[in-house]
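K.L.:
The file below is run-v2.cif, mmCIF, C-alpha atoms and all ligand atoms:
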data_target
#
loop_
_atom_site.label_atom_id
_atom_site.label_comp_id
_atom_site.auth_asym_id
_atom_site.auth_seq_id
_atom_site.Cartn_x
_atom_site.Cartn_y
_atom_site.Cartn_z
CA MET A 1 -26.93 27.52 148.60
CA ASN A 2 -26.68 23.87 149.59
CA SER A 3 -28.65 24.36 152.80
CA LYS A 4 -31.28 26.44 151.00
CA VAL A 5 -31.76 23.66 148.47
CA LYS A 6 -32.22 21.15 151.29
CA GLN A 7 -34.69 23.49 152.99
CA ALA A 8 -36.66 23.83 149.73
CA GLN A 9 -36.71 20.02 149.39
CA LYS A 10 -38.07 19.69 152.92
CA GLU A 11 -40.79 22.19 152.10
CA GLY A 12 -41.84 20.05 149.14
CA ALA A 13 -40.45 22.10 146.24
CA THR A 14 -40.18 20.16 143.00
CA VAL A 15 -36.84 19.37 141.36
CA GLU A 16 -37.90 21.56 138.42
CA ASP A 17 -38.54 24.55 140.68
CA ILE A 18 -35.30 24.07 142.57
CA SER A 19 -33.38 23.78 139.32
CA ALA A 20 -35.05 26.93 137.98
CA GLY A 21 -34.24 28.75 141.21
CA LEU A 22 -30.59 27.78 140.92
CA SER A 23 -30.46 28.99 137.32
CA TYR A 24 -31.95 32.34 138.33
CA SER A 25 -29.54 32.68 141.23
CA VAL A 26 -26.49 32.03 139.00
CA ILE A 27 -27.53 34.91 136.74
CA LYS A 28 -28.62 37.25 139.54
CA ASN A 29 -25.33 36.65 141.32
CA ALA A 30 -23.35 37.42 138.14
CA LEU A 31 -25.35 40.51 137.15
CA PHE A 32 -26.03 42.15 140.48
CA LYS A 33 -23.19 40.99 142.73
CA VAL A 34 -20.24 40.42 140.38
CA ILE A 35 -20.92 42.98 137.63
CA LYS A 36 -22.88 45.10 140.16
CA LEU A 37 -25.61 46.29 137.80
CA LYS A 38 -28.25 48.46 139.45
CA ASP A 39 -30.84 47.58 136.84
CA SER A 40 -30.79 44.64 134.41
CA LYS A 41 -31.56 47.13 131.59
CA ASP A 42 -28.09 48.68 132.09
CA ILE A 43 -26.60 45.65 130.35
CA GLY A 44 -27.43 47.06 126.91
CA ASN A 45 -29.49 45.76 124.02
CA LYS A 46 -27.19 43.22 122.40
CA VAL A 47 -25.71 40.55 124.60
CA VAL A 48 -23.44 37.65 123.69
CA VAL A 49 -22.80 35.14 126.45
CA GLN A 50 -19.80 32.88 126.77
CA GLY A 51 -18.39 30.31 129.17
CA GLY A 52 -19.23 26.67 129.79
CA THR A 53 -22.05 27.65 132.16
CA PHE A 54 -24.09 28.75 129.18
CA TYR A 55 -24.16 25.26 127.72
CA ASN A 56 -26.94 24.94 130.28
CA ASP A 57 -30.20 25.95 128.54
CA ALA A 58 -31.93 26.79 131.82
CA VAL A 59 -29.20 29.26 132.79
CA LEU A 60 -29.39 30.87 129.36
CA ARG A 61 -33.18 31.17 129.63
CA ALA A 62 -32.90 32.64 133.14
CA PHE A 63 -30.58 35.28 131.71
CA GLU A 64 -33.12 36.13 129.03
CA LYS A 65 -35.99 36.26 131.52
CA ILE A 66 -34.12 38.54 133.91
CA THR A 67 -32.81 40.94 131.26
CA GLY A 68 -35.82 40.76 128.94
CA LEU A 69 -33.43 40.30 126.00
CA GLU A 70 -32.88 37.67 123.40
CA VAL A 71 -29.33 36.63 124.13
CA VAL A 72 -26.84 35.24 121.61
CA ARG A 73 -25.04 32.06 122.68
CA PRO A 74 -22.34 30.87 120.28
CA ASP A 75 -22.21 27.12 119.84
CA ILE A 76 -18.61 27.27 121.09
CA SER A 77 -19.54 29.28 124.22
CA GLY A 78 -17.52 26.97 126.48
CA ILE A 79 -14.30 27.37 124.51
CA MET A 80 -14.45 31.02 123.55
CA GLY A 81 -11.60 31.79 125.94
CA ALA A 82 -9.42 29.26 124.13
CA PHE A 83 -10.63 30.62 120.81
CA GLY A 84 -9.64 34.15 121.83
CA ALA A 85 -6.25 32.94 123.07
CA ALA A 86 -5.70 31.25 119.71
CA LEU A 87 -6.53 34.47 117.85
CA ILE A 88 -4.10 36.44 120.03
CA ALA A 89 -1.43 33.81 119.42
CA LYS A 90 -2.08 34.12 115.68
CA ASP A 91 -1.74 37.92 115.84
CA ASN A 92 1.51 37.65 117.79
CA TYR A 93 3.07 35.02 115.58
CA GLN A 94 6.33 36.07 114.03
CA ALA A 95 7.68 34.47 110.88
CA GLY A 96 10.22 31.74 111.56
CA GLU A 97 8.88 30.80 114.98
CA LYS A 98 8.31 27.09 115.43
CA SER A 99 5.23 25.97 117.29
CA LYS A 100 5.75 23.71 120.29
CA VAL A 101 2.39 22.07 119.63
CA LEU A 102 2.87 18.41 118.74
CA ASN A 103 2.25 17.50 115.12
CA LYS A 104 -0.01 14.65 114.04
CA ASP A 105 2.74 11.98 114.01
CA GLU A 106 4.04 13.04 117.40
CA ILE A 107 0.53 12.82 118.81
CA ILE A 108 0.02 9.33 117.34
CA ASN A 109 3.32 8.12 118.82
CA LEU A 110 2.77 9.83 122.15
CA THR A 111 3.29 7.61 125.18
CA TYR A 112 2.28 8.44 128.70
CA THR A 113 1.96 6.81 132.11
CA ASN A 114 -0.31 7.73 134.98
CA GLU A 115 0.46 7.46 138.65
CA ILE A 116 -1.96 8.27 141.46
CA LYS A 117 -0.64 9.42 144.80
CA ARG A 118 -1.56 11.56 147.79
CA CYS A 119 0.09 14.89 148.43
CA LYS A 120 1.25 14.85 152.04
CA LEU A 121 2.25 18.50 152.34
CA CYS A 122 -0.85 19.46 154.32
CA THR A 123 -3.95 17.91 155.87
CA ASN A 124 -5.98 18.25 152.65
CA ASN A 125 -4.09 15.20 151.34
CA CYS A 126 -5.09 15.97 147.74
CA LEU A 127 -5.31 13.01 145.40
CA LEU A 128 -2.75 13.80 142.69
CA THR A 129 -2.59 12.33 139.22
CA LEU A 130 0.94 12.40 137.83
CA THR A 131 0.92 12.00 134.09
CA LYS A 132 4.31 11.42 132.53
CA ILE A 133 4.37 12.44 128.86
CA ASN A 134 7.65 12.12 126.97
CA ASN A 135 9.68 12.47 130.17
CA LYS A 136 7.70 15.50 131.29
CA THR A 137 5.44 15.11 134.35
CA VAL A 138 2.16 16.99 134.60
CA VAL A 139 0.39 17.11 137.97
CA THR A 140 -3.38 17.48 138.32
CA GLY A 141 -5.74 17.20 141.28
CA ASN A 142 -3.67 19.55 143.44
CA ARG A 143 -5.46 22.37 145.21
CA CYS A 144 -2.38 24.56 145.42
CA GLU A 145 0.99 25.13 143.76
CA ARG A 146 2.90 23.18 146.36
CA GLY A 147 1.24 19.95 145.26
CA ALA A 148 2.61 20.53 141.76
CA GLY A 149 6.07 21.04 143.20
CA ILE A 150 6.07 24.75 142.39
CA GLU A 151 7.96 26.85 144.90
CA ILE A 152 6.01 29.82 146.23
CA THR A 153 8.32 32.81 146.36
CA LYS A 154 6.56 34.97 148.91
CA GLU A 155 9.33 37.56 149.02
CA LYS A 156 8.82 38.52 145.39
CA LEU A 157 5.08 39.06 145.69
CA PRO A 158 3.85 42.53 146.64
CA ASN A 159 1.51 42.70 149.63
CA LEU A 160 -1.45 44.31 147.90
CA TYR A 161 -3.51 44.52 151.11
CA GLU A 162 -0.77 46.54 152.76
CA TYR A 163 -0.37 48.68 149.64
CA LYS A 164 -4.09 49.43 149.48
CA TYR A 165 -4.33 50.14 153.21
CA ASN A 166 -1.44 52.60 153.16
CA LYS A 167 -2.63 54.27 149.98
CA LEU A 168 -6.19 54.60 151.28
CA PHE A 169 -5.38 56.20 154.60
CA SER A 170 -2.34 58.31 153.69
CA TYR A 171 -4.25 61.54 153.03
CA LYS A 172 -2.93 64.52 155.02
CA PRO A 173 -5.68 66.60 156.66
CA ILE A 174 -5.56 70.40 156.56
CA ASP A 175 -4.27 72.11 159.71
CA ASP A 176 -6.35 73.96 162.30
CA THR A 177 -5.81 77.42 160.79
CA GLU A 178 -7.15 76.32 157.43
CA ALA A 179 -10.03 74.33 158.91
CA ILE A 180 -12.50 77.20 159.28
CA ARG A 181 -15.44 74.83 159.80
CA GLY A 182 -13.85 72.75 162.57
CA SER A 183 -13.14 69.04 162.53
CA VAL A 184 -14.99 65.93 161.47
CA GLY A 185 -14.22 62.45 162.79
CA ILE A 186 -14.45 59.50 160.40
CA PRO A 187 -14.29 56.02 161.92
CA ARG A 188 -11.92 53.64 160.08
CA VAL A 189 -14.56 50.94 159.64
CA LEU A 190 -16.77 49.08 157.17
CA ASN A 191 -17.27 50.81 153.81
CA ILE A 192 -14.86 53.60 154.77
CA TYR A 193 -12.25 51.06 153.63
CA GLU A 194 -13.57 51.77 150.14
CA ASP A 195 -15.01 55.27 150.39
CA TYR A 196 -12.47 57.15 152.52
CA PRO A 197 -10.80 59.02 149.61
CA PHE A 198 -14.19 60.41 148.59
CA TRP A 199 -15.29 61.52 152.05
CA PHE A 200 -11.87 62.84 152.98
CA THR A 201 -11.81 65.04 149.85
CA PHE A 202 -15.44 66.07 150.33
CA PHE A 203 -14.90 67.36 153.88
CA THR A 204 -11.47 68.81 153.17
CA GLU A 205 -12.87 70.84 150.28
CA LEU A 206 -15.53 72.12 152.68
CA LYS A 207 -12.68 73.25 155.00
CA PHE A 208 -13.11 70.62 157.70
CA LYS A 209 -10.09 69.01 159.28
CA VAL A 210 -10.63 65.26 158.89
CA ILE A 211 -9.72 63.17 161.93
CA LEU A 212 -9.46 59.44 161.30
CA SER A 213 -9.83 56.88 164.08
CA ASP A 214 -6.86 54.63 164.84
CA THR A 215 -6.20 51.23 163.31
CA SER A 216 -8.45 48.48 164.75
CA THR A 217 -6.95 46.69 167.72
CA ARG A 218 -8.32 44.62 170.58
CA ARG A 219 -7.87 47.59 172.89
CA LEU A 220 -9.80 49.87 170.54
CA TYR A 221 -12.61 47.30 170.37
CA GLU A 222 -12.81 47.20 174.16
CA LEU A 223 -13.04 51.01 174.30
CA GLY A 224 -16.59 50.95 172.97
CA MET A 225 -17.76 47.74 174.59
CA ASP A 226 -19.98 49.33 177.26
CA THR A 227 -21.88 51.32 174.61
CA ILE A 228 -23.00 48.27 172.61
CA PRO A 229 -26.72 47.81 173.30
CA SER A 230 -27.03 44.30 171.91
CA ASP A 231 -24.73 41.31 171.96
CA THR A 232 -26.18 39.90 168.76
CA VAL A 233 -24.68 42.46 166.38
CA CYS A 234 -21.68 41.20 164.46
CA TYR A 235 -18.07 41.95 165.32
CA PRO A 236 -17.53 44.55 162.55
CA ALA A 237 -20.57 46.41 163.91
CA LYS A 238 -19.34 46.16 167.50
CA ILE A 239 -15.91 47.53 166.72
CA VAL A 240 -17.49 50.65 165.22
CA HIS A 241 -18.33 51.68 168.79
CA GLY A 242 -14.67 51.56 169.77
CA HIS A 243 -13.76 53.75 166.80
CA ILE A 244 -16.44 56.29 167.74
CA VAL A 245 -15.12 56.52 171.31
CA ASN A 246 -11.61 56.86 169.89
CA LEU A 247 -12.76 59.85 167.80
CA ILE A 248 -14.47 61.45 170.81
CA ASN A 249 -11.19 61.14 172.70
CA LYS A 250 -9.40 62.80 169.78
CA GLY A 251 -11.74 65.80 170.12
CA ALA A 252 -13.61 65.64 166.81
CA ASN A 253 -16.37 68.30 166.66
CA PHE A 254 -18.75 65.80 165.12
CA ILE A 255 -18.60 62.33 163.69
CA PHE A 256 -19.62 61.35 160.23
CA ILE A 257 -20.57 57.79 159.50
CA HIS A 258 -22.01 56.49 156.28
CA LEU A 259 -23.64 53.13 156.83
CA CYS A 260 -26.13 52.52 154.06
CA PRO A 261 -25.13 48.91 153.21
CA MET A 262 -25.09 47.88 156.88
CA LYS A 263 -28.73 48.00 157.84
CA LYS A 264 -28.00 45.87 160.87
CA LEU A 265 -26.16 48.74 162.47
CA ASN A 266 -29.04 51.15 162.29
CA LEU A 267 -30.44 49.79 165.54
CA ALA A 268 -27.22 50.11 167.44
CA MET A 269 -25.66 53.27 166.12
CA PRO A 270 -28.09 56.15 166.63
CA ILE A 271 -27.58 55.90 170.38
CA ILE A 272 -23.89 56.51 170.24
CA ILE A 273 -24.07 58.99 167.38
CA THR A 274 -26.65 61.07 169.23
CA THR A 275 -24.38 61.14 172.25
CA VAL A 276 -21.53 62.34 170.11
CA LEU A 277 -23.58 65.06 168.47
CA LEU A 278 -24.83 66.37 171.82
S1 LIG A 301 -1.77 20.10 146.93
FE1 LIG A 301 -1.68 21.82 148.33
S2 LIG A 301 -3.66 21.72 149.38
FE2 LIG A 301 -3.38 19.73 148.41
S3 LIG A 301 -2.41 18.47 150.01
FE3 LIG A 301 -0.77 19.36 148.77
S4 LIG A 301 -0.19 21.19 149.88
FE4 LIG A 301 -2.20 20.60 150.64
#
What does this structure look like when you write it as structure tokens?
P.N.:
Amino acid sequence: MNSKVKQAQKEGATVEDISAGLSYSVIKNALFKVIKLKDSKDIGNKVVVQGGTFYNDAVLRAFEKITGLEVVRPDISGIMGAFGAALIAKDNYQAGEKSKVLNKDEIINLTYTNEIKRCKLCTNNCLLTLTKINNKTVVTGNRCERGAGIEITKEKLPNLYEYKYNKLFSYKPIDDTEAIRGSVGIPRVLNIYEDYPFWFTFFTELKFKVILSDTSTRRLYELGMDTIPSDTVCYPAKIVHGHIVNLINKGANFIFIHLCPMKKLNLAMPIIITTVLL
């Protein structure tokens, strides 16, 4: 974004236009990349926005322009999260509980000291502010937990990447006697990391035995190197070739690859896919 703004400045765009462009991009990013709407109309007819970003009138207006709706912005949009948390706390309150929030007198008599120092635990050297309030020290300015002196207990955290990977690729294909339509090879690449359960079930229901290529390795990448027609394609695209060769070696009758979001590959892939199909 930063370099695009500089480019626009060089091309003589006005500050107003650049600011408007940024406001549009904030909303487009939220609607179409984060929420993943296909059409801005899918958002519904009544929209309430919240978050500090919407204190910015231009961002609010960009939202209205893009969705074609009149959007409601509460005057507390920036603190609605806190407001919600307060309501939940109120609902969960049990009689007899004493709030730890300081009362008026305690706030008036509150004393604190500030100390500025650098965290030396890594090369970021974050500038920390240590605020001591009633013998309790609060650290701010740290970019990670270590700067606040919080121990990271790696052992207790589940490895969600590993969990997802194992879950995704643990489907058992049908055996040769059941697979009356033969076998289909699916390369373990790109959007297959999201879509594999769908395609596996699709082909299995059609009585194909699904053969999955091996896990990506340097050796697997090198397998397909001599079939890559251009050196300018990205690494994820290049490694697809290795997976295709791997599936040929495994004897798949044909190879299925679903590449719609990766337009870049369309130039490189038909060559190898045609070879496989022949
Ligand atoms: S707070 Fe974290 S990121 Fe910052 S210097 Fe310390 S260890 Fe590094």
K.L.:
Around ligand LIG 301 (chain A), which protein and nucleic acid residues have at least one atom no more than 6 Å from it, if we count only C-alpha atoms and all ligand atoms? List them as a PyMOL selection string.
P.N.:
chain A and resi 119-122+124-126+142-144+146-147
K.L.:
If we count all atoms listed in the file and set the cut-off at 8 Å, which residues sit around Ser183 in chain A, ignoring sequence neighbours fewer than 6 positions away in its own chain? Please answer as a ChimeraX atom specification.
P.N.:
/A:208-211,252-254
K.L.:
Could you please determine the separation between CA of Asp226 in chain A and CA of Asn246 in chain A in Å, to one decimal place?
P.N.:
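Computing it gives 13.5 Å between the two atoms.
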K.L.:
Fewer than 2 positions away in the same chain doesn't count, so skip those; otherwise give me all residues within 12 Å of range 187-189 of chain A, counting all atoms listed in the file, as number ranges by chain.
P.N.:
A: 165, 168-169, 184-185, 191-197, 199-200, 210-217, 220-221, 235-248, 250, 252, 254-259, 262, 273
K.L.:
Let's have the selection written as a compact mmCIF listing (two decimals), in the frame of the given file, with C-alpha atoms.
P.N.:
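Saved to result.txt:
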# COMPACT_ATOMS: atom_id res chain seq x y z
CA TYR A 165 -4.33 50.14 153.21
CA LEU A 168 -6.19 54.60 151.28
CA PHE A 169 -5.38 56.20 154.60
CA VAL A 184 -14.99 65.93 161.47
CA GLY A 185 -14.22 62.45 162.79
CA ASN A 191 -17.27 50.81 153.81
CA ILE A 192 -14.86 53.60 154.77
CA TYR A 193 -12.25 51.06 153.63
CA GLU A 194 -13.57 51.77 150.14
CA ASP A 195 -15.01 55.27 150.39
CA TYR A 196 -12.47 57.15 152.52
CA PRO A 197 -10.80 59.02 149.61
CA TRP A 199 -15.29 61.52 152.05
CA PHE A 200 -11.87 62.84 152.98
CA VAL A 210 -10.63 65.26 158.89
CA ILE A 211 -9.72 63.17 161.93
CA LEU A 212 -9.46 59.44 161.30
CA SER A 213 -9.83 56.88 164.08
CA ASP A 214 -6.86 54.63 164.84
CA THR A 215 -6.20 51.23 163.31
CA SER A 216 -8.45 48.48 164.75
CA THR A 217 -6.95 46.69 167.72
CA LEU A 220 -9.80 49.87 170.54
CA TYR A 221 -12.61 47.30 170.37
CA TYR A 235 -18.07 41.95 165.32
CA PRO A 236 -17.53 44.55 162.55
CA ALA A 237 -20.57 46.41 163.91
CA LYS A 238 -19.34 46.16 167.50
CA ILE A 239 -15.91 47.53 166.72
CA VAL A 240 -17.49 50.65 165.22
CA HIS A 241 -18.33 51.68 168.79
CA GLY A 242 -14.67 51.56 169.77
CA HIS A 243 -13.76 53.75 166.80
CA ILE A 244 -16.44 56.29 167.74
CA VAL A 245 -15.12 56.52 171.31
CA ASN A 246 -11.61 56.86 169.89
CA LEU A 247 -12.76 59.85 167.80
CA ILE A 248 -14.47 61.45 170.81
CA LYS A 250 -9.40 62.80 169.78
CA ALA A 252 -13.61 65.64 166.81
CA PHE A 254 -18.75 65.80 165.12
CA ILE A 255 -18.60 62.33 163.69
CA PHE A 256 -19.62 61.35 160.23
CA ILE A 257 -20.57 57.79 159.50
CA HIS A 258 -22.01 56.49 156.28
CA LEU A 259 -23.64 53.13 156.83
CA MET A 262 -25.09 47.88 156.88
CA ILE A 273 -24.07 58.99 167.38
K.L.:
Go through A:Lys28, A:Lys38, A:Lys167, A:Arg181 one by one, measure the shortest atom-to-atom distance of each to Ile66 in chain A using all atoms listed in the file, and give the residue with the smallest value.
P.N.:
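Of the candidates, the smallest distance to Ile66 in chain A is held by A:Lys28.
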K.L.:
Identify which of the residues A:Val49, A:Leu37, A:Ile107, A:Ala62 lies closest to Asp75 in chain A, counting only C-alpha atoms when measuring atom-to-atom distances.
P.N.:
A:Val49
K.L.:
Do you know which residues are at most 12 Å from Ile27 in chain A counting only C-alpha atoms, after dropping those on the same chain fewer than 5 positions away, and could you put them as an NGL selection string?
P.N.:
:A and (20-22 or 32-37 or 40 or 49 or 53-54 or 56 or 58-67)
K.L.:
I'd like the interatomic distance between CA of Ile18 in chain A and CA of Asp57 in chain A, to a tenth of an Å.
P.N.:
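Answer for the CA of Ile18 in chain A to CA of Asp57 in chain A separation: 15.0 Å.
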K.L.:
Quick one, how far is CA of Leu127 in chain A from CA of Thr140 in chain A?
P.N.:
8.6 Å
K.L.:
Within 8 Å of (5.4, 4.7, 130.4), in the coordinates the file gives, what residues turn up when you count all atoms listed in the file, written out as a ChimeraX atom specification?
P.N.:
/A:111-114,132-133
K.L.:
When you count all atoms listed in the file, which of these residues is closest to Ile180 in chain A: A:Phe198, A:Tyr24, A:Tyr161, A:Phe203?
P.N.:
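Among A:Phe198, A:Tyr24, A:Tyr161, A:Phe203, it is A:Phe203 that comes nearest to Ile180 in chain A.
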K.L.:
Using all atoms listed in the file, which of A:Leu110, A:Leu160, A:Ile116, A:Ala179 sits nearest Asn134 in chain A?
P.N.:
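The closest residue to Asn134 in chain A is A:Leu110.
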